[in-house]
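Dumped run_0.txt below, it's compact mmCIF, C-alpha atoms (C1' of nucleotides):
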```txt
# COMPACT_ATOMS: atom_id res chain seq x y z
CA MET A 492 8.02 20.20 -8.16
CA ALA A 493 9.80 16.93 -7.51
CA SER A 494 8.95 16.53 -3.86
CA GLU A 495 10.05 12.91 -4.19
CA GLU A 496 8.78 9.95 -2.21
CA LYS A 497 5.08 10.45 -1.87
CA ALA A 498 3.65 7.12 -2.85
CA PRO A 499 -0.14 7.29 -2.81
CA ARG A 500 -1.31 4.25 -0.93
CA PRO A 501 -3.48 2.15 -3.17
CA LEU A 502 -7.06 2.64 -2.09
CA GLY A 503 -8.80 0.16 0.12
CA ASP A 504 -11.60 -1.88 -1.42
CA LEU A 505 -14.44 0.23 -0.18
CA GLU A 506 -12.60 3.40 -1.01
CA ARG A 507 -12.09 2.17 -4.52
CA LEU A 508 -15.74 1.25 -4.83
CA VAL A 509 -16.73 4.71 -3.78
CA MET A 510 -14.24 6.39 -6.08
CA GLU A 511 -15.58 4.38 -8.96
CA ARG A 512 -19.04 5.73 -8.32
CA LEU A 513 -17.73 9.24 -8.24
CA TRP A 514 -15.76 8.77 -11.42
CA ALA A 515 -18.77 7.29 -13.12
CA ALA A 516 -21.08 10.09 -12.07
CA PRO A 517 -21.64 13.03 -14.38
CA ALA A 518 -21.70 15.41 -11.44
CA ALA A 519 -20.78 15.68 -7.79
CA LEU A 520 -22.71 13.32 -5.55
CA THR A 521 -24.03 13.67 -2.04
CA VAL A 522 -23.34 11.07 0.59
CA ARG A 523 -26.89 9.89 0.22
CA GLU A 524 -26.56 9.43 -3.49
CA VAL A 525 -23.39 7.42 -3.18
CA HIS A 526 -24.98 5.40 -0.44
CA GLU A 527 -27.97 4.63 -2.63
CA GLN A 528 -25.84 3.71 -5.60
CA LEU A 529 -23.90 1.27 -3.49
CA ALA A 530 -27.05 -0.26 -2.06
CA ASP A 531 -27.22 -3.01 -4.68
CA THR A 532 -23.57 -3.87 -4.27
CA ARG A 533 -23.19 -3.67 -0.55
CA GLU A 534 -25.31 -2.85 2.46
CA LEU A 535 -23.61 -0.11 4.34
CA ALA A 536 -24.65 2.31 7.00
CA TYR A 537 -25.12 5.83 5.75
CA THR A 538 -22.39 7.03 8.06
CA THR A 539 -19.98 4.48 6.73
CA VAL A 540 -20.22 6.01 3.30
CA MET A 541 -19.87 9.41 4.86
CA THR A 542 -16.73 8.41 6.67
CA VAL A 543 -15.16 6.98 3.56
CA LEU A 544 -15.99 10.03 1.51
CA ASP A 545 -14.57 12.18 4.25
CA ARG A 546 -11.34 10.24 4.41
CA LEU A 547 -10.99 10.38 0.67
CA ALA A 548 -11.37 14.13 0.90
CA LYS A 549 -8.66 14.35 3.52
CA LYS A 550 -6.44 12.41 1.16
CA LYS A 551 -7.27 14.94 -1.53
CA LEU A 552 -8.78 12.30 -3.71
CA THR A 553 -12.16 13.98 -3.64
CA GLU A 554 -13.27 17.55 -3.35
CA ARG A 555 -16.51 18.71 -1.85
CA GLU A 556 -18.76 21.66 -2.16
CA ARG A 557 -21.77 22.69 -0.17
CA ASP A 558 -25.24 22.06 -1.47
CA GLY A 559 -27.67 23.23 1.15
CA LYS A 560 -26.74 21.48 4.34
CA ALA A 561 -25.16 18.60 2.50
CA TRP A 562 -21.82 18.18 0.84
CA ARG A 563 -21.38 17.11 -2.72
CA TYR A 564 -18.28 15.09 -3.47
CA ARG A 565 -16.51 14.59 -6.74
CA ALA A 566 -13.26 12.94 -7.67
CA ALA A 567 -10.38 15.39 -7.46
CA SER A 568 -8.95 14.07 -10.69
CA PRO A 569 -10.03 11.62 -13.36
CA ARG A 570 -9.47 7.98 -12.90
CA GLU A 571 -6.96 7.90 -15.71
CA GLU A 572 -4.97 10.68 -14.12
CA LEU A 573 -4.65 8.70 -10.93
CA ALA A 574 -3.63 5.66 -12.91
CA ALA A 575 -0.98 7.70 -14.71
CA ASP A 576 0.30 9.04 -11.40
CA LEU A 577 0.60 5.54 -10.04
CA MET A 578 2.48 4.50 -13.14
CA ARG A 579 4.85 7.40 -12.62
CA ASP A 580 5.41 6.47 -9.01
CA ALA A 581 6.12 2.91 -9.98
CA LEU A 582 8.60 4.07 -12.58
CA ASP A 583 10.28 6.34 -10.06
CA ARG A 584 10.85 3.37 -7.81
CA ALA A 585 12.78 1.53 -10.45
CA GLY A 586 16.51 1.79 -10.33
CA ASP A 587 17.11 1.70 -14.06
CA ARG A 588 14.29 3.45 -15.85
CA ARG A 589 15.26 2.14 -19.24
CA GLU A 590 15.15 -1.39 -17.97
CA ALA A 591 11.85 -0.82 -16.20
CA LEU A 592 10.30 0.65 -19.31
CA VAL A 593 11.56 -2.19 -21.44
CA ARG A 594 10.00 -4.67 -19.07
CA PHE A 595 6.81 -2.71 -18.86
CA VAL A 596 6.50 -2.53 -22.60
CA GLY A 597 7.21 -6.21 -22.71
CA GLN A 598 4.24 -6.99 -20.48
CA VAL A 599 1.85 -4.80 -22.32
CA SER A 600 -0.63 -6.21 -24.83
CA ASP A 601 -0.30 -5.47 -28.52
CA GLU A 602 -3.22 -3.14 -28.31
CA GLU A 603 -1.71 -1.26 -25.42
CA ALA A 604 1.59 -1.04 -27.23
CA ALA A 605 -0.23 0.54 -30.15
CA LEU A 606 -1.91 3.00 -27.83
CA LEU A 607 1.44 3.87 -26.35
CA ARG A 608 2.91 4.54 -29.78
CA GLU A 609 -0.03 6.69 -30.57
CA ALA A 610 0.37 8.64 -27.34
CA LEU A 611 4.05 9.12 -28.02
CA GLY A 612 3.21 10.23 -31.49
CA ARG A 613 1.04 13.00 -30.20
CA LEU A 614 3.83 14.09 -27.95
CA GLU A 615 6.06 14.43 -30.97
CA ASP A 616 3.55 16.55 -32.84
CA HIS A 617 3.26 18.69 -29.79
CA ALA A 618 6.96 19.21 -29.57
CA GLU A 619 7.05 20.16 -33.23
CA SER A 620 4.32 22.73 -32.85
CA GLU A 621 6.09 24.26 -29.93
CA GLU A 622 9.28 24.30 -31.89
CA ARG A 623 7.62 26.16 -34.70
CA ALA A 624 5.91 28.50 -32.29
CA GLY A 625 8.79 29.04 -29.92
CA MET H 734 -3.60 -15.98 -16.77
CA ALA H 735 -5.50 -12.81 -15.93
CA SER H 736 -6.30 -13.54 -12.32
CA GLU H 737 -7.35 -9.90 -11.99
CA GLU H 738 -7.33 -7.80 -8.84
CA LYS H 739 -4.15 -8.65 -7.03
CA ALA H 740 -2.60 -5.33 -6.29
CA PRO H 741 0.75 -5.83 -4.58
CA ARG H 742 0.75 -3.55 -1.57
CA PRO H 743 3.49 -1.04 -1.91
CA LEU H 744 6.24 -1.99 0.48
CA GLY H 745 6.58 -0.34 3.83
CA ASP H 746 9.56 1.95 4.36
CA LEU H 747 11.75 -0.55 6.10
CA GLU H 748 10.75 -3.26 3.71
CA ARG H 749 11.76 -1.06 0.83
CA LEU H 750 15.07 -0.26 2.47
CA VAL H 751 15.83 -3.92 2.85
CA MET H 752 14.77 -4.75 -0.69
CA GLU H 753 17.07 -2.05 -1.96
CA ARG H 754 20.00 -3.68 -0.23
CA LEU H 755 19.12 -7.01 -1.73
CA TRP H 756 18.73 -5.57 -5.18
CA ALA H 757 22.06 -3.81 -4.86
CA ALA H 758 23.88 -6.90 -3.68
CA PRO H 759 25.69 -9.07 -6.22
CA ALA H 760 24.65 -12.20 -4.35
CA ALA H 761 22.23 -13.45 -1.74
CA LEU H 762 22.72 -11.91 1.70
CA THR H 763 22.37 -13.30 5.18
CA VAL H 764 20.35 -11.53 7.82
CA ARG H 765 23.56 -10.42 9.44
CA GLU H 766 24.88 -8.93 6.25
CA VAL H 767 21.74 -6.97 5.63
CA HIS H 768 21.76 -5.87 9.24
CA GLU H 769 25.31 -4.64 8.95
CA GLN H 770 24.66 -2.84 5.73
CA LEU H 771 21.77 -1.01 7.28
CA ALA H 772 23.79 -0.07 10.33
CA ASP H 773 24.86 3.28 8.94
CA THR H 774 21.33 4.15 7.88
CA ARG H 775 19.37 2.90 10.81
CA GLU H 776 20.00 1.19 14.10
CA LEU H 777 17.89 -1.90 14.17
CA ALA H 778 17.84 -5.02 16.24
CA TYR H 779 19.13 -8.06 14.45
CA THR H 780 15.78 -9.75 14.85
CA THR H 781 14.01 -6.81 13.30
CA VAL H 782 15.88 -7.32 10.09
CA MET H 783 15.20 -11.00 10.31
CA THR H 784 11.50 -10.43 10.71
CA VAL H 785 11.36 -8.11 7.75
CA LEU H 786 13.29 -10.48 5.55
CA ASP H 787 11.00 -13.26 6.63
CA ARG H 788 7.86 -11.30 5.86
CA LEU H 789 9.24 -10.36 2.48
CA ALA H 790 9.83 -14.03 1.81
CA LYS H 791 6.26 -14.87 2.75
CA LYS H 792 5.15 -12.25 0.29
CA LYS H 793 7.31 -13.92 -2.34
CA LEU H 794 9.39 -10.84 -2.76
CA THR H 795 12.52 -12.62 -1.65
CA GLU H 796 13.71 -16.17 -1.89
CA ARG H 797 16.03 -17.86 0.54
CA GLU H 798 18.45 -20.70 0.49
CA ARG H 799 20.36 -22.38 3.26
CA ASP H 800 23.97 -21.57 3.92
CA GLY H 801 25.08 -23.55 6.93
CA LYS H 802 22.68 -22.76 9.69
CA ALA H 803 21.81 -19.40 8.22
CA TRP H 804 19.53 -18.34 5.40
CA ARG H 805 20.62 -16.29 2.46
CA TYR H 806 18.02 -14.02 0.97
CA ARG H 807 17.85 -12.52 -2.47
CA ALA H 808 15.21 -10.52 -4.29
CA ALA H 809 12.78 -12.79 -6.09
CA SER H 810 12.80 -10.51 -9.11
CA PRO H 811 14.74 -7.48 -10.23
CA ARG H 812 13.72 -4.08 -9.05
CA GLU H 813 12.74 -3.07 -12.56
CA GLU H 814 10.48 -6.06 -12.87
CA LEU H 815 8.60 -5.04 -9.77
CA ALA H 816 8.37 -1.50 -11.06
CA ALA H 817 6.98 -2.77 -14.35
CA ASP H 818 4.45 -4.91 -12.50
CA LEU H 819 3.31 -1.92 -10.51
CA MET H 820 2.97 0.08 -13.70
CA ARG H 821 0.84 -2.68 -15.14
CA ASP H 822 -1.37 -2.77 -12.09
CA ALA H 823 -1.80 0.96 -12.21
CA LEU H 824 -2.76 0.76 -15.85
CA ASP H 825 -5.23 -2.01 -15.12
CA ARG H 826 -6.98 0.21 -12.66
CA ALA H 827 -7.61 2.89 -15.20
CA GLY H 828 -10.97 2.93 -16.85
CA ASP H 829 -9.83 4.07 -20.27
CA ARG H 830 -6.39 2.69 -21.02
CA ARG H 831 -5.83 4.95 -23.94
CA GLU H 832 -6.52 7.97 -21.84
CA ALA H 833 -4.35 6.70 -19.01
CA LEU H 834 -1.47 6.05 -21.38
CA VAL H 835 -1.82 9.46 -22.94
CA ARG H 836 -1.68 11.06 -19.54
CA PHE H 837 1.21 8.91 -18.47
CA VAL H 838 3.19 9.75 -21.56
CA GLY H 839 2.34 13.37 -20.95
CA GLN H 840 3.94 13.29 -17.50
CA VAL H 841 7.05 11.54 -18.59
CA SER H 842 10.28 13.42 -19.21
CA ASP H 843 11.70 13.76 -22.70
CA GLU H 844 14.36 11.29 -21.85
CA GLU H 845 11.85 8.78 -20.60
CA ALA H 846 9.74 9.28 -23.69
CA ALA H 847 12.77 8.46 -25.78
CA LEU H 848 13.39 5.35 -23.74
CA LEU H 849 9.80 4.34 -24.24
CA ARG H 850 10.07 4.74 -28.00
CA GLU H 851 13.21 2.71 -27.95
CA ALA H 852 11.54 -0.04 -25.95
CA LEU H 853 8.59 -0.06 -28.29
CA GLY H 854 10.97 -0.20 -31.20
CA ARG H 855 12.51 -3.39 -29.87
CA LEU H 856 9.07 -4.84 -29.54
CA GLU H 857 8.46 -4.19 -33.19
CA ASP H 858 11.66 -5.87 -34.26
CA HIS H 859 10.71 -8.78 -32.11
CA ALA H 860 7.33 -9.09 -33.73
CA GLU H 861 8.95 -9.00 -37.14
CA SER H 862 11.40 -11.75 -36.33
CA GLU H 863 8.61 -13.90 -35.03
CA GLU H 864 6.65 -13.20 -38.12
CA ARG H 865 9.51 -14.32 -40.30
CA ALA H 866 10.12 -17.35 -38.14
CA GLY H 867 6.49 -18.36 -37.63
C1' DA Q 589 31.24 -34.37 25.08
C1' DA Q 590 30.50 -29.82 26.98
C1' DC Q 591 30.48 -24.99 25.70
C1' DC Q 592 29.72 -20.86 23.35
C1' DA Q 593 28.51 -17.96 19.61
C1' DT Q 594 25.06 -17.54 16.34
C1' DC Q 595 20.84 -18.35 13.97
C1' DT Q 596 16.10 -19.23 13.53
C1' DA Q 597 11.24 -19.69 15.05
C1' DC Q 598 7.61 -17.54 17.09
C1' DG Q 599 5.29 -14.43 19.77
C1' DA Q 600 4.38 -9.74 21.15
C1' DC Q 601 3.30 -4.79 21.31
C1' DG Q 602 2.53 -0.09 19.36
C1' DT Q 603 0.91 2.49 15.32
C1' DT Q 604 -1.63 3.44 11.33
C1' DA Q 605 -4.96 2.58 7.62
C1' DC Q 606 -9.30 1.12 6.69
C1' DG Q 607 -14.09 -1.09 7.13
C1' DT Q 608 -17.83 -0.21 9.70
C1' DA Q 609 -21.10 2.21 12.56
C1' DG Q 610 -23.28 4.89 16.58
C1' DT Q 611 -24.39 9.29 18.96
C1' DA Q 612 -24.92 14.09 19.42
C1' DG Q 613 -25.79 18.20 17.65
C1' DA Q 614 -26.31 21.51 13.60
C1' DT Q 615 -29.42 22.75 9.82
C1' DG Q 616 -33.17 23.54 6.97
C1' DC Q 617 -37.93 22.77 5.58
C1' DT Q 618 -42.98 22.79 6.91
C1' DA Z 606 -41.55 24.65 17.01
C1' DG Z 607 -40.89 20.15 15.19
C1' DC Z 608 -39.19 16.67 12.24
C1' DA Z 609 -36.22 14.78 8.88
C1' DT Z 610 -31.63 14.99 7.46
C1' DC Z 611 -26.90 15.92 7.47
C1' DT Z 612 -22.46 16.50 9.49
C1' DA Z 613 -18.90 16.00 13.13
C1' DC Z 614 -16.67 13.22 16.12
C1' DT Z 615 -15.75 9.07 18.36
C1' DA Z 616 -15.10 4.31 18.43
C1' DC Z 617 -13.96 -0.53 17.64
C1' DG Z 618 -12.11 -4.62 15.09
C1' DT Z 619 -8.70 -6.23 11.75
C1' DA Z 620 -4.54 -6.33 9.16
C1' DA Z 621 0.01 -4.61 7.87
C1' DC Z 622 4.16 -3.13 9.39
C1' DG Z 623 8.04 -1.38 12.51
C1' DT Z 624 10.31 -3.12 16.16
C1' DC Z 625 12.08 -6.48 19.52
C1' DG Z 626 12.59 -10.26 23.04
C1' DT Z 627 12.91 -15.09 24.40
C1' DA Z 628 13.62 -19.81 23.74
C1' DG Z 629 15.53 -23.29 21.51
C1' DA Z 630 18.16 -25.36 17.45
C1' DT Z 631 22.76 -25.62 15.27
C1' DG Z 632 27.45 -25.91 14.40
C1' DG Z 633 32.23 -25.00 15.39
C1' DT Z 634 35.87 -25.15 19.32
C1' DT Z 635 38.34 -27.20 23.04
```
Let me see the file written as structure tokens.
Amino acid sequence: MASEEKAPRPLGDLERLVMERLWAAPAALTVREVHEQLADTRELAYTTVMTVLDRLAKKKLTERERDGKAWRYRAASPREELAADLMRDALDRAGDRREALVRFVGQVSDEEAALLREALGRLEDHAESEERAG
Amino acid sequence: MASEEKAPRPLGDLERLVMERLWAAPAALTVREVHEQLADTRELAYTTVMTVLDRLAKKKLTERERDGKAWRYRAASPREELAADLMRDALDRAGDRREALVRFVGQVSDEEAALLREALGRLEDHAESEERAG
DNA sequence: AACCATCTACGACGTTACGTAGTAGATGCT
DNA sequence: AGCATCTACTACGTAACGTCGTAGATGGTT
């Protein structure tokens, strides 16, 4: 682990749009399906969607599996996982982590702060269980 | 507030290098100073450094003030502030914040988790003081 | 005042990512 | 065999960024 510096470029607008469709879908989608879903938002050539999906796959953001002669794409990881990764990267870029975290926490809404406490709480429980078990 | 979607592009490599020098400096630096400081890391034309500094200024990442005929540049905000902003942006892109935070906390090191708790603790104290005062 | 070192302003070029799409050929169904 | 569909590959415009050069402004020195 710890390969360092590998900041995932933030997706382009179209790429994000496509990813959102994939994340929202209950199952892997074909190019055609994504294309159709985007129809009401944006008029794009079928091949445009294909290209984007393909590029996303090359970036490991989507995975694809055969379905007849077509490919079915799905997000490689959940949206929240990507968000968490980006948060990590951002934190790694800070010089003083403590300071960065303090500032981050300072920007967060009350609700988010509560969610953070909750998340940290779970971590604690986890650690305890492992302690007991280990 | 809440202008939404304004993801700050992650800096390019050179841009980051330059910002790091500015963040590390105790005071605003001239183009020449930055150029000299980078000398041991990378051989760049003086104007290259100037261009980068200028672009950073246009992006509001640096501020500049006159010093004789030269400009002195300094980071517009501390490194940790930028990191915190990026964390915020990342979080905003998540669908389910709770989930994103849980995952983020799950990736964080023990030390970082402790720092987070500490930061959240301060927040609490803050809230209490305000409560008493308000 | 003329001169020289230095700085800035601005333009330029190559590369890469991304939005966008066309063409050719593979593939599978009827 | 034929048609509809899908993929693969190529391509082009734009914008960001790395990288620099030239021209002209500026200020200190003689």
For chain Z against chain H, which residues fall within 12 Å using only C-alpha atoms (C1' of nucleotides), given as a VMD selection string?
chain Z and resid 621 to 627 630 to 633
Taking all atoms listed in the file into account, find every residue of chain H that has an atom no more than 10 Å from chain A, and write it out as an mmCIF file with C-alpha atoms, in the coordinates of the input.
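Everything below was put into iface.cif:
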```cif
data_model
loop_
_atom_site.group_PDB
_atom_site.id
_atom_site.type_symbol
_atom_site.label_atom_id
_atom_site.label_comp_id
_atom_site.auth_asym_id
_atom_site.auth_seq_id
_atom_site.Cartn_x
_atom_site.Cartn_y
_atom_site.Cartn_z
ATOM 1 C CA ALA H 740 -2.600 -5.330 -6.290
ATOM 2 C CA PRO H 741 0.750 -5.830 -4.580
ATOM 3 C CA ARG H 742 0.750 -3.550 -1.570
ATOM 4 C CA PRO H 743 3.490 -1.040 -1.910
ATOM 5 C CA LEU H 744 6.240 -1.990 0.480
ATOM 6 C CA ARG H 749 11.760 -1.060 0.830
ATOM 7 C CA GLU H 753 17.070 -2.050 -1.960
ATOM 8 C CA TRP H 756 18.730 -5.570 -5.180
ATOM 9 C CA ALA H 757 22.060 -3.810 -4.860
ATOM 10 C CA PRO H 811 14.740 -7.480 -10.230
ATOM 11 C CA ARG H 812 13.720 -4.080 -9.050
ATOM 12 C CA GLU H 813 12.740 -3.070 -12.560
ATOM 13 C CA GLU H 814 10.480 -6.060 -12.870
ATOM 14 C CA LEU H 815 8.600 -5.040 -9.770
ATOM 15 C CA ALA H 816 8.370 -1.500 -11.060
ATOM 16 C CA ALA H 817 6.980 -2.770 -14.350
ATOM 17 C CA ASP H 818 4.450 -4.910 -12.500
ATOM 18 C CA LEU H 819 3.310 -1.920 -10.510
ATOM 19 C CA MET H 820 2.970 0.080 -13.700
ATOM 20 C CA ARG H 821 0.840 -2.680 -15.140
ATOM 21 C CA ASP H 822 -1.370 -2.770 -12.090
ATOM 22 C CA ALA H 823 -1.800 0.960 -12.210
ATOM 23 C CA LEU H 824 -2.760 0.760 -15.850
ATOM 24 C CA ASP H 825 -5.230 -2.010 -15.120
ATOM 25 C CA ARG H 826 -6.980 0.210 -12.660
ATOM 26 C CA ALA H 827 -7.610 2.890 -15.200
ATOM 27 C CA GLY H 828 -10.970 2.930 -16.850
ATOM 28 C CA ASP H 829 -9.830 4.070 -20.270
ATOM 29 C CA ARG H 830 -6.390 2.690 -21.020
ATOM 30 C CA ARG H 831 -5.830 4.950 -23.940
ATOM 31 C CA GLU H 832 -6.520 7.970 -21.840
ATOM 32 C CA ALA H 833 -4.350 6.700 -19.010
ATOM 33 C CA LEU H 834 -1.470 6.050 -21.380
ATOM 34 C CA VAL H 835 -1.820 9.460 -22.940
ATOM 35 C CA ARG H 836 -1.680 11.060 -19.540
ATOM 36 C CA PHE H 837 1.210 8.910 -18.470
ATOM 37 C CA VAL H 838 3.190 9.750 -21.560
ATOM 38 C CA GLY H 839 2.340 13.370 -20.950
ATOM 39 C CA GLN H 840 3.940 13.290 -17.500
ATOM 40 C CA VAL H 841 7.050 11.540 -18.590
ATOM 41 C CA ASP H 843 11.700 13.760 -22.700
ATOM 42 C CA GLU H 844 14.360 11.290 -21.850
ATOM 43 C CA GLU H 845 11.850 8.780 -20.600
ATOM 44 C CA ALA H 846 9.740 9.280 -23.690
ATOM 45 C CA ALA H 847 12.770 8.460 -25.780
ATOM 46 C CA LEU H 848 13.390 5.350 -23.740
ATOM 47 C CA LEU H 849 9.800 4.340 -24.240
ATOM 48 C CA ARG H 850 10.070 4.740 -28.000
ATOM 49 C CA GLU H 851 13.210 2.710 -27.950
ATOM 50 C CA ALA H 852 11.540 -0.040 -25.950
ATOM 51 C CA LEU H 853 8.590 -0.060 -28.290
ATOM 52 C CA GLY H 854 10.970 -0.200 -31.200
ATOM 53 C CA ARG H 855 12.510 -3.390 -29.870
ATOM 54 C CA LEU H 856 9.070 -4.840 -29.540
ATOM 55 C CA GLU H 857 8.460 -4.190 -33.190
ATOM 56 C CA ALA H 860 7.330 -9.090 -33.730
#
```
Could you make a table, as CSV, of the residues of chain Q that have an atom within 9 Å of an atom of chain H, each with its nearest atom pair and distance in Å to one decimal, counting only C-alpha atoms (C1' of nucleotides), in chain and number order?
```
residue,atom,partner,partner_atom,distance
Q:DT594,C1',H:Lys802,CA,8.8
Q:DC595,C1',H:Ala803,CA,5.9
Q:DT596,C1',H:Ala803,CA,7.8
```
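All residues of protein, DNA or RNA that reach within 12 Å of DG618 in chain Z, judged by all atoms listed in the file and not counting those fewer than 5 positions away in the chain, are DC606, DG607, DT608 and DA609 of chain Q.
Pairwise distance (CA of Glu796 in chain H, C1' of DA605 in chain Q) equals 28.1 Å.
Interatomic distance, C1' of DT635 in chain Z to C1' of DA589 in chain Q: 10.3 Å.
With all atoms listed in the file as the atoms that count, the residue of Z:DA620, Z:DG607, Z:DA613, Z:DG629 with the shortest distance to DC617 in chain Q is Z:DG607.
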Separation of C1' of DT603 in chain Q from CA of Lys549 in chain A, in Å and rounded to one decimal:
19.3 Å
